[in-house]
Each structure stands twice: as structure tokens, then as C-alpha cells.
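What's in final_38.cif: mmCIF, C-alpha atoms
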data_query
#
loop_
_atom_site.label_atom_id
_atom_site.label_comp_id
_atom_site.auth_asym_id
_atom_site.auth_seq_id
_atom_site.Cartn_x
_atom_site.Cartn_y
_atom_site.Cartn_z
CA MET A 386 0.00 0.00 0.00
CA ALA A 387 2.83 2.41 0.85
CA ALA A 388 4.45 1.79 -2.55
CA ILE A 389 1.19 2.62 -4.34
CA TYR A 390 0.74 5.79 -2.31
CA ARG A 391 4.35 6.76 -2.99
CA ARG A 392 3.82 6.33 -6.76
CA LEU A 393 0.64 8.43 -6.59
CA MET A 394 2.56 11.14 -4.74
CA ASP A 395 5.34 10.93 -7.34
CA THR A 396 2.69 11.63 -10.00
CA LEU A 397 1.13 14.44 -7.96
CA TYR A 398 4.58 15.95 -7.38
CA LEU A 399 5.32 15.83 -11.10
CA GLY A 400 1.99 17.55 -11.82
CA CYS A 401 2.65 20.29 -9.25
CA ALA A 402 6.18 20.83 -10.53
CA MET A 403 4.97 20.99 -14.14
CA ILE A 404 2.22 23.51 -13.33
CA ALA A 405 4.69 25.67 -11.41
CA GLY A 406 7.30 25.39 -14.16
CA ILE A 407 4.86 26.27 -16.92
CA ALA A 408 3.61 29.23 -14.88
CA LEU A 409 7.18 30.46 -14.39
CA VAL A 410 7.97 30.18 -18.10
CA LEU A 411 4.77 32.04 -19.01
CA ILE A 412 5.51 34.78 -16.47
CA SER A 413 8.97 35.09 -18.01
CA ALA A 414 7.35 35.63 -21.41
CA VAL A 415 4.50 37.92 -20.32
CA ILE A 416 6.53 40.47 -18.35
CA PRO A 417 9.00 41.26 -21.17
CA TRP A 418 6.03 41.67 -23.50
CA ALA A 419 4.55 44.21 -21.09
CA VAL A 420 7.84 46.11 -20.99
CA PHE A 421 8.15 45.97 -24.79
CA THR A 422 4.64 47.30 -25.41
CA ARG A 423 5.01 50.05 -22.81
CA TYR A 424 8.46 51.39 -23.65
CA VAL A 425 9.03 50.43 -27.28
CA LEU A 426 5.55 50.65 -28.75
CA ASN A 427 4.40 53.41 -26.36
CA SER A 428 1.10 51.59 -25.99
CA ALA A 429 0.97 49.47 -22.85
CA ALA A 430 -1.01 46.25 -23.11
CA SER A 431 -3.52 45.86 -20.28
CA TRP A 432 -3.45 42.07 -19.93
CA PRO A 433 0.17 41.17 -19.01
CA GLU A 434 0.08 42.40 -15.40
CA PRO A 435 -3.12 40.57 -14.33
CA THR A 436 -1.94 37.51 -16.27
CA ALA A 437 1.35 37.52 -14.38
CA VAL A 438 -0.50 37.84 -11.07
CA LEU A 439 -2.74 34.87 -11.90
CA LEU A 440 0.25 32.80 -12.96
CA MET A 441 2.06 33.78 -9.77
CA ILE A 442 -0.81 32.35 -7.72
CA ALA A 443 -0.41 29.01 -9.49
CA LEU A 444 3.37 29.15 -9.20
CA THR A 445 3.23 29.91 -5.48
CA PHE A 446 0.79 27.27 -4.31
CA PHE A 447 1.69 24.37 -6.61
CA GLY A 448 5.40 25.20 -6.50
CA GLY A 449 5.30 25.46 -2.72
CA ALA A 450 3.77 22.00 -2.40
CA ALA A 451 6.33 20.55 -4.83
CA CYS A 452 9.22 22.22 -2.99
CA TYR A 453 7.96 20.85 0.32
CA ARG A 454 7.93 17.31 -1.03
CA CYS A 455 11.46 17.39 -2.39
CA ARG A 456 12.74 19.39 0.62
CA ALA A 457 13.71 22.34 -1.55
CA HIS A 458 11.63 24.70 0.59
CA MET A 459 13.11 27.16 3.00
CA ASN A 460 13.52 25.79 6.50
CA VAL A 461 15.53 26.80 9.50
CA SER A 462 16.91 23.71 11.19
CA PHE A 463 19.84 25.18 13.09
CA LEU A 464 18.47 24.34 16.55
CA VAL A 465 16.82 21.08 15.50
CA VAL A 466 20.04 19.51 14.20
CA MET A 467 21.73 20.31 17.52
CA MET A 468 19.08 18.38 19.50
CA PRO A 469 19.53 14.80 20.67
CA PRO A 470 17.95 12.24 18.28
CA ALA A 471 14.77 11.70 20.33
CA ALA A 472 14.09 15.43 20.70
CA ARG A 473 14.90 15.93 17.00
CA ARG A 474 12.28 13.34 15.98
CA ILE A 475 9.69 15.05 18.20
CA ALA A 476 10.52 18.49 16.76
CA GLU A 477 10.33 17.16 13.19
CA PHE A 478 6.98 15.48 13.94
CA VAL A 479 5.59 18.72 15.41
CA ALA A 480 6.84 20.60 12.33
CA GLU A 481 5.02 18.13 10.07
CA LEU A 482 1.84 18.61 12.10
CA LEU A 483 2.15 22.37 11.73
CA VAL A 484 2.57 22.02 7.96
CA ALA A 485 -0.49 19.76 7.91
CA ALA A 486 -2.46 22.38 9.87
CA MET A 487 -1.43 25.05 7.35
CA ALA A 488 -2.47 22.77 4.49
CA VAL A 489 -5.89 22.19 6.08
CA PHE A 490 -6.24 25.96 6.58
CA MET A 491 -5.41 26.52 2.89
CA VAL A 492 -7.98 23.96 1.78
CA GLN A 493 -10.75 25.11 4.12
CA TYR A 494 -10.41 28.85 3.64
CA GLY A 495 -9.32 28.52 0.02
CA ILE A 496 -12.60 26.79 -0.77
CA LYS A 497 -14.48 29.57 1.02
CA LEU A 498 -12.56 32.17 -1.00
CA VAL A 499 -13.29 30.35 -4.26
CA GLU A 500 -16.99 30.10 -3.39
CA ALA A 501 -17.21 33.76 -2.33
CA THR A 502 -15.60 35.00 -5.55
CA TRP A 503 -16.96 32.45 -8.04
CA TYR A 504 -19.40 34.87 -9.69
CA ASN A 505 -17.03 37.84 -9.78
CA THR A 506 -15.05 38.58 -12.90
CA ILE A 507 -11.70 40.18 -13.61
CA ALA A 508 -11.94 43.47 -15.52
CA ASP A 509 -9.27 42.46 -18.05
CA PHE A 510 -10.74 38.95 -18.48
CA PRO A 511 -14.53 39.30 -18.20
CA SER A 512 -15.21 35.65 -19.04
CA LEU A 513 -12.87 34.38 -16.29
CA SER A 514 -14.27 33.81 -12.82
CA VAL A 515 -12.21 35.17 -9.94
CA GLY A 516 -13.05 31.95 -8.11
CA VAL A 517 -11.30 29.91 -10.79
CA THR A 518 -8.18 32.01 -10.38
CA TYR A 519 -8.11 31.19 -6.65
CA LEU A 520 -8.45 27.42 -7.18
CA PRO A 521 -4.67 26.90 -6.79
CA ILE A 522 -5.00 27.79 -3.10
CA PRO A 523 -7.18 24.84 -1.99
CA LEU A 524 -5.69 22.51 -4.63
CA GLY A 525 -2.14 23.35 -3.59
CA GLY A 526 -3.17 22.94 0.05
CA ALA A 527 -4.64 19.52 -0.70
CA ALA A 528 -1.44 18.45 -2.47
CA LEU A 529 0.61 19.76 0.46
CA PHE A 530 -1.56 17.79 2.91
CA LEU A 531 -1.14 14.60 0.88
CA PHE A 532 2.64 15.14 0.86
CA VAL A 533 2.60 15.52 4.67
CA ILE A 534 0.66 12.27 4.98
CA GLU A 535 3.22 10.63 2.72
CA ARG A 536 6.10 11.86 4.84
CA LEU A 537 4.44 10.79 8.11
CA ALA A 538 3.27 7.39 6.85
CA CYS A 539 6.05 6.37 4.45
CA GLY A 540 8.96 8.62 5.38
CA ALA A 541 10.51 11.30 3.24
CA PRO A 542 10.85 10.41 -0.43
CA GLU A 543 14.29 9.49 -1.65
CA PRO A 544 16.28 12.53 -2.76
CA LEU A 545 17.04 12.91 -6.43
CA PRO A 546 20.35 11.46 -7.61
CA PRO A 547 23.12 14.09 -7.69
CA THR A 548 22.92 14.37 -11.49
CA GLU A 549 19.22 15.30 -11.30
CA GLN A 550 19.40 17.77 -8.43
CA PRO A 551 19.37 21.46 -9.26
CA GLN A 552 22.80 23.04 -9.16
CA PHE A 553 23.13 26.42 -7.49
CA ASP A 554 26.53 27.88 -8.33
#
Conversion result in C-alpha cells:
Amino acid sequence: MAAIYRRLMDTLYLGCAMIAGIALVLISAVIPWAVFTRYVLNSAASWPEPTAVLLMIALTFFGGAACYRCRAHMNVSFLVVMMPPAARRIAEFVAELLVAAMAVFMVQYGIKLVEATWYNTIADFPSLSVGVTYLPIPLGGAALFLFVIERLACGAPEPLPPTEQPQFD
């Protein structure tokens, strides 16, 4: 059962990482277009800024969940690594519970936000519901919660081999 869950989480991780990556690439294309139309054509396009904001929402919540799973997120473990092994395990368990609580908060209040804004529209995109644009909040929270369950039930996933890890030089 753990192996099946791990494979499902591998697939979910890949989906989150792909959504975040696509959003980042699109943001990288949209912002230069906005600069080009404003300063070269002297006629600023109205859609790039709200598009970048919407893509940033997807990047933030799906990318955050993906980073949590592969331990690429920001964490401060200075004091934890200095603790004795038993206290370290307790601190890490409490940290996982706090992440799970944040994920539940994101799902619960994200759904309320989506429901409250479902019938509102964005001025630059009148056919797009504001609620749809906020869907990454509860969906990213749900992915994050599933990753916490994976870590608590099956342990942390194996790190990527050194050749596949991002290099920060």
C-alpha cells in the first residue's frame, strides 16, 4: 500500500512541478512583452500584469507544495540539528503537524474564497471567474496535505540522484 501511495505522490509531485514550471515560463514571457509594449511601442497592453498575477498564484501554491515534497523549501533547522535524536524526531513530527495544519487551513479557507468570488469577474478577463483564479490555493493545500501524509506514513521520499538535483553555483 505504501508503494502505491508513494507512486501516486510521485505523480502528484510531477503535476505540481509541471504547473509551477509552466507558470514560471509564461511569467517570463509575459513580463518582457509588457515592458516591450510600454516602452518600445508606447502603448501598454492591459493584460500582461493581471496575467502575471494569476500565474504567480499558481506558481506559489503548486510550486510550494512541490518544494515541500522534495525538501527544496526554505527551513531553518539550526536548533533542530543540535538536538539529541529523540528530541529531533519530536521536533520534526511537530513541524510536520504544523505544515499539515497550514495545508488544512489553505484547503478550508481557500474553498471559502473560491466560493465567495466564483461569480465575480476580472476586468481584463470578463469571461474568467475570480473563483477559478483562486483554485490553486485549496488545490495546492490539498497536495501539500497529501505530501505531509506521505512523509508521516512512508517517510521522506528518496532525494534525487546528484545528477538530477538542481545546481546552485
Spatial neighbours of Gly406 of chain A, 12 Å, all atoms listed in the file, chain gap at least 6 places, as a ChimeraX atom specification:
/A:398-400,412-413,440-441,443-449,451-452
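Interatomic distance, atom CA of Ala402 of chain A to atom CA of Cys455 of chain A: 10.3 Å.
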Smallest atom-to-atom distance to Val479 of chain A: which of A:Val492, A:Val517, A:Leu537, A:Met467, using all atoms listed in the file?
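When distances to Val479 of chain A are compared using all atoms listed in the file, the smallest one comes from A:Leu537.
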With the file shown as input, list the residues that the PyMOL selection byres ((chain A and resi 436) around 12) selects, as a list in words.
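For this structure, the PyMOL selection byres ((chain A and resi 436) around 12) resolves to Ala408, Leu409, Leu411, Ile412, Ser413, Ala414, Val415, Ile416, Trp418, Ala419, Ala430, Ser431, Trp432, Pro433, Glu434, Pro435, Ala437, Val438, Leu439, Leu440, Met441, Ile442, Ala443, Ile507, Ala508, Asp509, Phe510, Leu513 and Thr518 of chain A.
Note that the spacing between atom CA of His458 of chain A and atom CA of Gly516 of chain A amounts to 27.2 Å.
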Residues at most 8 Å from Tyr519 of chain A, counting all atoms listed in the file, excluding those fewer than 2 positions away in the same chain, as an mmCIF file with C-alpha atoms, in the coordinates of the input?
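Saved as selection_26.cif:
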data_model
loop_
_atom_site.group_PDB
_atom_site.id
_atom_site.type_symbol
_atom_site.label_atom_id
_atom_site.label_comp_id
_atom_site.auth_asym_id
_atom_site.auth_seq_id
_atom_site.Cartn_x
_atom_site.Cartn_y
_atom_site.Cartn_z
ATOM 1 C CA ILE A 442 -0.810 32.350 -7.720
ATOM 2 C CA GLY A 495 -9.320 28.520 0.020
ATOM 3 C CA LEU A 498 -12.560 32.170 -1.000
ATOM 4 C CA VAL A 499 -13.290 30.350 -4.260
ATOM 5 C CA VAL A 515 -12.210 35.170 -9.940
ATOM 6 C CA GLY A 516 -13.050 31.950 -8.110
ATOM 7 C CA VAL A 517 -11.300 29.910 -10.790
ATOM 8 C CA PRO A 521 -4.670 26.900 -6.790
ATOM 9 C CA ILE A 522 -5.000 27.790 -3.100
ATOM 10 C CA PRO A 523 -7.180 24.840 -1.990
#
